[in-house]
Amino acid sequence: QVQLVESGGGLVQPGGSLRLSCAASGMISSIKTMGWYRQAPGKERELVAVIPSGGSTNYADSVKGRFTISRDNAKSTVYLQMNSLKFEDTAVYYCNVKDYFVNSYWGQGIQVTVSS
């Protein structure tokens with residue numbers, strides 16, 4: 001089992017920045033891929049960015065060039081640096097971790113609101 005705790009969300013003006021963090025605990029040695037998803041009101045959950053262990057990152061087209069995902073394996077933490085935020089980035093952001101046994105774990109979700 002892997003437990004995830006997210007932090008860093010909040011309210012920001014358009015063009016602003018936020019940094020999300022997600023700390024994993026439990027069976028962290030089994031973690032393969034870490035990532036972020038988001039769900040806006042009335043919409044399905046969508047991929048934002050993922051970072052596999054030892055692999056290249058992958059981003060949704062809508063966030064390329066504005067968001068950066070990174071991970072600190074020593075801290076078992078994944079980050080999402082969000083710059084140039086837009087109204088349409090407003091959503092609940094979820095941390096996701098997949099392990100080598102094809103299990104998928106989700107954080108509780110954290111609200112990001114972009115508003116003037």
# chains A, B, ... in the order shown; residues from 1 in each chain; ligands from 1
call {"tool": "residues_around", "arguments": {"residues": "segment 46-55 of chain A", "least_positions_apart": "3", "cutoff": "6 Å", "atoms": "only C-alpha atoms", "output": "number ranges by chain"}}
result
A: 32-38, 58-60
call {"tool": "write_last_selection", "arguments": {"atoms": "N, CA, C and O atoms", "output": "PDB file, in the first residue's frame"}}
result
ATOM      1  N   LYS A  32       6.603   3.146  -9.339  1.00  0.00           N
ATOM      2  CA  LYS A  32       7.169   3.230 -10.679  1.00  0.00           C
ATOM      3  C   LYS A  32       6.911   4.596 -11.296  1.00  0.00           C
ATOM      4  O   LYS A  32       7.818   5.323 -11.646  1.00  0.00           O
ATOM      5  N   THR A  33       5.669   4.961 -11.404  1.00  0.00           N
ATOM      6  CA  THR A  33       5.289   6.208 -12.059  1.00  0.00           C
ATOM      7  C   THR A  33       4.547   7.115 -11.083  1.00  0.00           C
ATOM      8  O   THR A  33       3.698   6.657 -10.325  1.00  0.00           O
ATOM      9  N   MET A  34       4.886   8.390 -11.129  1.00  0.00           N
ATOM     10  CA  MET A  34       4.181   9.386 -10.313  1.00  0.00           C
ATOM     11  C   MET A  34       3.591  10.424 -11.263  1.00  0.00           C
ATOM     12  O   MET A  34       4.198  10.753 -12.299  1.00  0.00           O
ATOM     13  N   GLY A  35       2.439  10.932 -10.906  1.00  0.00           N
ATOM     14  CA  GLY A  35       1.821  11.879 -11.815  1.00  0.00           C
ATOM     15  C   GLY A  35       0.722  12.698 -11.168  1.00  0.00           C
ATOM     16  O   GLY A  35       0.402  12.524  -9.986  1.00  0.00           O
ATOM     17  N   TRP A  36       0.209  13.601 -11.974  1.00  0.00           N
ATOM     18  CA  TRP A  36      -0.881  14.475 -11.552  1.00  0.00           C
ATOM     19  C   TRP A  36      -2.018  14.401 -12.572  1.00  0.00           C
ATOM     20  O   TRP A  36      -1.777  14.408 -13.785  1.00  0.00           O
ATOM     21  N   TYR A  37      -3.221  14.356 -12.057  1.00  0.00           N
ATOM     22  CA  TYR A  37      -4.430  14.427 -12.855  1.00  0.00           C
ATOM     23  C   TYR A  37      -5.278  15.564 -12.301  1.00  0.00           C
ATOM     24  O   TYR A  37      -5.023  16.060 -11.208  1.00  0.00           O
ATOM     25  N   ARG A  38      -6.282  15.968 -13.050  1.00  0.00           N
ATOM     26  CA  ARG A  38      -7.183  17.004 -12.550  1.00  0.00           C
ATOM     27  C   ARG A  38      -8.600  16.749 -13.040  1.00  0.00           C
ATOM     28  O   ARG A  38      -8.804  16.110 -14.068  1.00  0.00           O
ATOM     29  N   ASN A  58       5.722  13.256 -19.459  1.00  0.00           N
ATOM     30  CA  ASN A  58       4.655  13.368 -20.443  1.00  0.00           C
ATOM     31  C   ASN A  58       3.644  14.378 -19.923  1.00  0.00           C
ATOM     32  O   ASN A  58       3.267  14.327 -18.751  1.00  0.00           O
ATOM     33  N   TYR A  59       3.224  15.287 -20.804  1.00  0.00           N
ATOM     34  CA  TYR A  59       2.319  16.355 -20.395  1.00  0.00           C
ATOM     35  C   TYR A  59       1.088  16.392 -21.298  1.00  0.00           C
ATOM     36  O   TYR A  59       1.151  16.066 -22.492  1.00  0.00           O
ATOM     37  N   ALA A  60      -0.003  16.843 -20.724  1.00  0.00           N
ATOM     38  CA  ALA A  60      -1.164  17.160 -21.540  1.00  0.00           C
ATOM     39  C   ALA A  60      -0.821  18.361 -22.420  1.00  0.00           C
ATOM     40  O   ALA A  60      -0.079  19.256 -21.999  1.00  0.00           O
TER      41      ALA A  60
END
call {"tool": "residues_around", "arguments": {"residues": "Val2 of chain A", "least_positions_apart": "6", "cutoff": "12 Å", "atoms": "only C-alpha atoms", "output": "PDB file with N, CA and C atoms, in the first residue's frame"}}
result
ATOM      1  N   CYS A  22       3.294  16.272  -3.525  1.00  0.00           N
ATOM      2  CA  CYS A  22       2.621  15.030  -3.135  1.00  0.00           C
ATOM      3  C   CYS A  22       3.663  14.103  -2.532  1.00  0.00           C
ATOM      4  N   ALA A  23       3.521  13.851  -1.239  1.00  0.00           N
ATOM      5  CA  ALA A  23       4.466  13.000  -0.530  1.00  0.00           C
ATOM      6  C   ALA A  23       3.875  11.607  -0.374  1.00  0.00           C
ATOM      7  N   ALA A  24       4.664  10.626  -0.753  1.00  0.00           N
ATOM      8  CA  ALA A  24       4.236   9.238  -0.660  1.00  0.00           C
ATOM      9  C   ALA A  24       4.855   8.573   0.555  1.00  0.00           C
ATOM     10  N   SER A  25       4.113   7.642   1.128  1.00  0.00           N
ATOM     11  CA  SER A  25       4.617   6.846   2.244  1.00  0.00           C
ATOM     12  C   SER A  25       4.081   5.431   2.083  1.00  0.00           C
ATOM     13  N   GLY A  26       4.643   4.533   2.862  1.00  0.00           N
ATOM     14  CA  GLY A  26       4.239   3.140   2.745  1.00  0.00           C
ATOM     15  C   GLY A  26       5.250   2.371   1.909  1.00  0.00           C
ATOM     16  N   MET A  27       4.753   1.603   0.952  1.00  0.00           N
ATOM     17  CA  MET A  27       5.622   0.760   0.116  1.00  0.00           C
ATOM     18  C   MET A  27       6.223   1.589  -1.026  1.00  0.00           C
ATOM     19  N   ILE A  28       7.024   2.569  -0.665  1.00  0.00           N
ATOM     20  CA  ILE A  28       7.551   3.510  -1.650  1.00  0.00           C
ATOM     21  C   ILE A  28       8.575   2.881  -2.582  1.00  0.00           C
ATOM     22  N   SER A  29       9.184   1.798  -2.167  1.00  0.00           N
ATOM     23  CA  SER A  29      10.167   1.147  -3.035  1.00  0.00           C
ATOM     24  C   SER A  29       9.520   0.531  -4.259  1.00  0.00           C
ATOM     25  N   SER A  30       8.217   0.346  -4.214  1.00  0.00           N
ATOM     26  CA  SER A  30       7.513  -0.258  -5.348  1.00  0.00           C
ATOM     27  C   SER A  30       6.989   0.762  -6.347  1.00  0.00           C
ATOM     28  N   ILE A  31       7.211   2.042  -6.066  1.00  0.00           N
ATOM     29  CA  ILE A  31       6.666   3.091  -6.930  1.00  0.00           C
ATOM     30  C   ILE A  31       7.389   3.127  -8.262  1.00  0.00           C
ATOM     31  N   LYS A  32       6.603   3.146  -9.339  1.00  0.00           N
ATOM     32  CA  LYS A  32       7.169   3.230 -10.679  1.00  0.00           C
ATOM     33  C   LYS A  32       6.911   4.596 -11.296  1.00  0.00           C
ATOM     34  N   MET A  34       4.886   8.390 -11.129  1.00  0.00           N
ATOM     35  CA  MET A  34       4.181   9.386 -10.313  1.00  0.00           C
ATOM     36  C   MET A  34       3.591  10.424 -11.263  1.00  0.00           C
ATOM     37  N   SER A  76      10.544  10.753  -1.758  1.00  0.00           N
ATOM     38  CA  SER A  76       9.318  10.089  -2.236  1.00  0.00           C
ATOM     39  C   SER A  76       8.232  11.109  -2.528  1.00  0.00           C
ATOM     40  N   CYS A  95      -2.977  13.608  -7.074  1.00  0.00           N
ATOM     41  CA  CYS A  95      -1.709  12.901  -7.227  1.00  0.00           C
ATOM     42  C   CYS A  95      -2.016  11.426  -7.485  1.00  0.00           C
ATOM     43  N   ASN A  96      -1.237  10.828  -8.352  1.00  0.00           N
ATOM     44  CA  ASN A  96      -1.407   9.404  -8.658  1.00  0.00           C
ATOM     45  C   ASN A  96      -0.059   8.721  -8.699  1.00  0.00           C
ATOM     46  N   VAL A  97      -0.030   7.545  -8.143  1.00  0.00           N
ATOM     47  CA  VAL A  97       1.190   6.733  -8.145  1.00  0.00           C
ATOM     48  C   VAL A  97       0.832   5.331  -8.630  1.00  0.00           C
ATOM     49  N   LYS A  98       1.663   4.809  -9.506  1.00  0.00           N
ATOM     50  CA  LYS A  98       1.504   3.430  -9.970  1.00  0.00           C
ATOM     51  C   LYS A  98       2.748   2.658  -9.573  1.00  0.00           C
ATOM     52  N   ASP A  99       2.527   1.434  -9.107  1.00  0.00           N
ATOM     53  CA  ASP A  99       3.684   0.639  -8.702  1.00  0.00           C
ATOM     54  C   ASP A  99       3.980  -0.438  -9.735  1.00  0.00           C
ATOM     55  N   ASN A 103      -0.670  -1.646  -9.430  1.00  0.00           N
ATOM     56  CA  ASN A 103      -1.608  -0.987  -8.523  1.00  0.00           C
ATOM     57  C   ASN A 103      -1.541   0.513  -8.738  1.00  0.00           C
ATOM     58  N   SER A 104      -2.674   1.171  -8.562  1.00  0.00           N
ATOM     59  CA  SER A 104      -2.754   2.615  -8.738  1.00  0.00           C
ATOM     60  C   SER A 104      -3.324   3.237  -7.467  1.00  0.00           C
ATOM     61  N   TYR A 105      -2.661   4.268  -7.007  1.00  0.00           N
ATOM     62  CA  TYR A 105      -3.072   4.924  -5.768  1.00  0.00           C
ATOM     63  C   TYR A 105      -3.345   6.399  -6.046  1.00  0.00           C
ATOM     64  N   TRP A 106      -4.351   6.931  -5.322  1.00  0.00           N
ATOM     65  CA  TRP A 106      -4.739   8.325  -5.510  1.00  0.00           C
ATOM     66  C   TRP A 106      -4.652   9.113  -4.222  1.00  0.00           C
ATOM     67  N   GLY A 107      -4.267  10.376  -4.352  1.00  0.00           N
ATOM     68  CA  GLY A 107      -4.355  11.281  -3.221  1.00  0.00           C
ATOM     69  C   GLY A 107      -5.789  11.736  -3.032  1.00  0.00           C
TER      70      GLY A 107
END
call {"tool": "atom_distance", "arguments": {"atom1": "atom CA of Gln3 of chain A", "atom2": "atom CA of Tyr100 of chain A"}}
result
15.6 Å
call {"tool": "select_by_dssp", "arguments": {"residues": "chain A", "states": "strand (DSSP E)", "output": "VMD selection string"}}
result
chain A and resid 2 to 7 10 to 12 18 to 26 31 to 39 46 to 52 58 to 59 67 to 72 77 to 82 91 to 99 104 to 106 110 to 114
call {"tool": "residues_around", "arguments": {"residues": "Arg19 of chain A", "least_positions_apart": "5", "cutoff": "7 Å", "atoms": "only C-alpha atoms", "output": "tab-separated table (two decimals) with N, CA and C atoms, in the first residue's frame"}}
result
chain	number	residue	atom	x	y	z
A	8	GLY	N	-0.25	22.44	-1.29
A	8	GLY	CA	0.18	23.52	-2.17
A	8	GLY	C	-0.89	24.16	-3.02
A	79	TYR	N	6.35	16.76	-7.55
A	79	TYR	CA	5.96	18.16	-7.57
A	79	TYR	C	5.33	18.52	-8.92
A	80	LEU	N	4.50	19.54	-8.87
A	80	LEU	CA	3.96	20.10	-10.11
A	80	LEU	C	4.08	21.61	-10.00
A	81	GLN	N	5.01	22.17	-10.74
A	81	GLN	CA	5.17	23.61	-10.80
A	81	GLN	C	4.26	24.13	-11.90
A	82	MET	N	3.34	24.99	-11.53
A	82	MET	CA	2.36	25.51	-12.48
A	82	MET	C	2.56	27.01	-12.64
call {"tool": "select_by_dssp", "arguments": {"residues": "chain A", "states": "helix (DSSP H, G or I)", "output": "PDB file with all heavy atoms, in the first residue's frame"}}
result
ATOM      1  N   ILE A  28       7.024   2.569  -0.665  1.00  0.00           N
ATOM      2  CA  ILE A  28       7.551   3.510  -1.650  1.00  0.00           C
ATOM      3  C   ILE A  28       8.575   2.881  -2.582  1.00  0.00           C
ATOM      4  O   ILE A  28       8.798   3.376  -3.688  1.00  0.00           O
ATOM      5  CB  ILE A  28       8.137   4.754  -0.974  1.00  0.00           C
ATOM      6  CG1 ILE A  28       9.211   4.364   0.024  1.00  0.00           C
ATOM      7  CG2 ILE A  28       7.027   5.560  -0.303  1.00  0.00           C
ATOM      8  CD1 ILE A  28       9.888   5.554   0.681  1.00  0.00           C
ATOM      9  N   SER A  29       9.184   1.798  -2.167  1.00  0.00           N
ATOM     10  CA  SER A  29      10.167   1.147  -3.035  1.00  0.00           C
ATOM     11  C   SER A  29       9.520   0.531  -4.259  1.00  0.00           C
ATOM     12  O   SER A  29      10.193   0.205  -5.240  1.00  0.00           O
ATOM     13  CB  SER A  29      10.931   0.079  -2.258  1.00  0.00           C
ATOM     14  OG  SER A  29      10.040  -0.922  -1.804  1.00  0.00           O
ATOM     15  N   SER A  30       8.217   0.346  -4.214  1.00  0.00           N
ATOM     16  CA  SER A  30       7.513  -0.258  -5.348  1.00  0.00           C
ATOM     17  C   SER A  30       6.989   0.762  -6.347  1.00  0.00           C
ATOM     18  O   SER A  30       6.415   0.396  -7.373  1.00  0.00           O
ATOM     19  CB  SER A  30       6.330  -1.086  -4.829  1.00  0.00           C
ATOM     20  OG  SER A  30       5.353  -0.240  -4.250  1.00  0.00           O
ATOM     21  N   PHE A  87      -7.675  30.546 -16.296  1.00  0.00           N
ATOM     22  CA  PHE A  87      -8.959  30.217 -15.683  1.00  0.00           C
ATOM     23  C   PHE A  87      -9.268  28.730 -15.854  1.00  0.00           C
ATOM     24  O   PHE A  87      -9.770  28.081 -14.929  1.00  0.00           O
ATOM     25  CB  PHE A  87     -10.080  31.045 -16.305  1.00  0.00           C
ATOM     26  CG  PHE A  87     -10.017  32.511 -15.997  1.00  0.00           C
ATOM     27  CD1 PHE A  87      -9.855  33.440 -17.009  1.00  0.00           C
ATOM     28  CD2 PHE A  87     -10.146  32.967 -14.697  1.00  0.00           C
ATOM     29  CE1 PHE A  87      -9.793  34.796 -16.727  1.00  0.00           C
ATOM     30  CE2 PHE A  87     -10.100  34.320 -14.408  1.00  0.00           C
ATOM     31  CZ  PHE A  87      -9.918  35.242 -15.437  1.00  0.00           C
ATOM     32  N   GLU A  88      -8.967  28.210 -17.027  1.00  0.00           N
ATOM     33  CA  GLU A  88      -9.320  26.820 -17.334  1.00  0.00           C
ATOM     34  C   GLU A  88      -8.468  25.791 -16.599  1.00  0.00           C
ATOM     35  O   GLU A  88      -8.714  24.596 -16.718  1.00  0.00           O
ATOM     36  CB  GLU A  88      -9.270  26.563 -18.837  1.00  0.00           C
ATOM     37  CG  GLU A  88      -7.971  26.983 -19.512  1.00  0.00           C
ATOM     38  CD  GLU A  88      -8.063  28.373 -20.124  1.00  0.00           C
ATOM     39  OE1 GLU A  88      -8.661  29.287 -19.490  1.00  0.00           O
ATOM     40  OE2 GLU A  88      -7.520  28.551 -21.238  1.00  0.00           O
ATOM     41  N   ASP A  89      -7.480  26.245 -15.855  1.00  0.00           N
ATOM     42  CA  ASP A  89      -6.700  25.333 -15.009  1.00  0.00           C
ATOM     43  C   ASP A  89      -7.394  25.068 -13.680  1.00  0.00           C
ATOM     44  O   ASP A  89      -6.941  24.218 -12.904  1.00  0.00           O
ATOM     45  CB  ASP A  89      -5.314  25.908 -14.749  1.00  0.00           C
ATOM     46  CG  ASP A  89      -4.470  25.995 -16.011  1.00  0.00           C
ATOM     47  OD1 ASP A  89      -4.491  25.051 -16.811  1.00  0.00           O
ATOM     48  OD2 ASP A  89      -3.776  27.027 -16.174  1.00  0.00           O
TER      49      ASP A  89
END
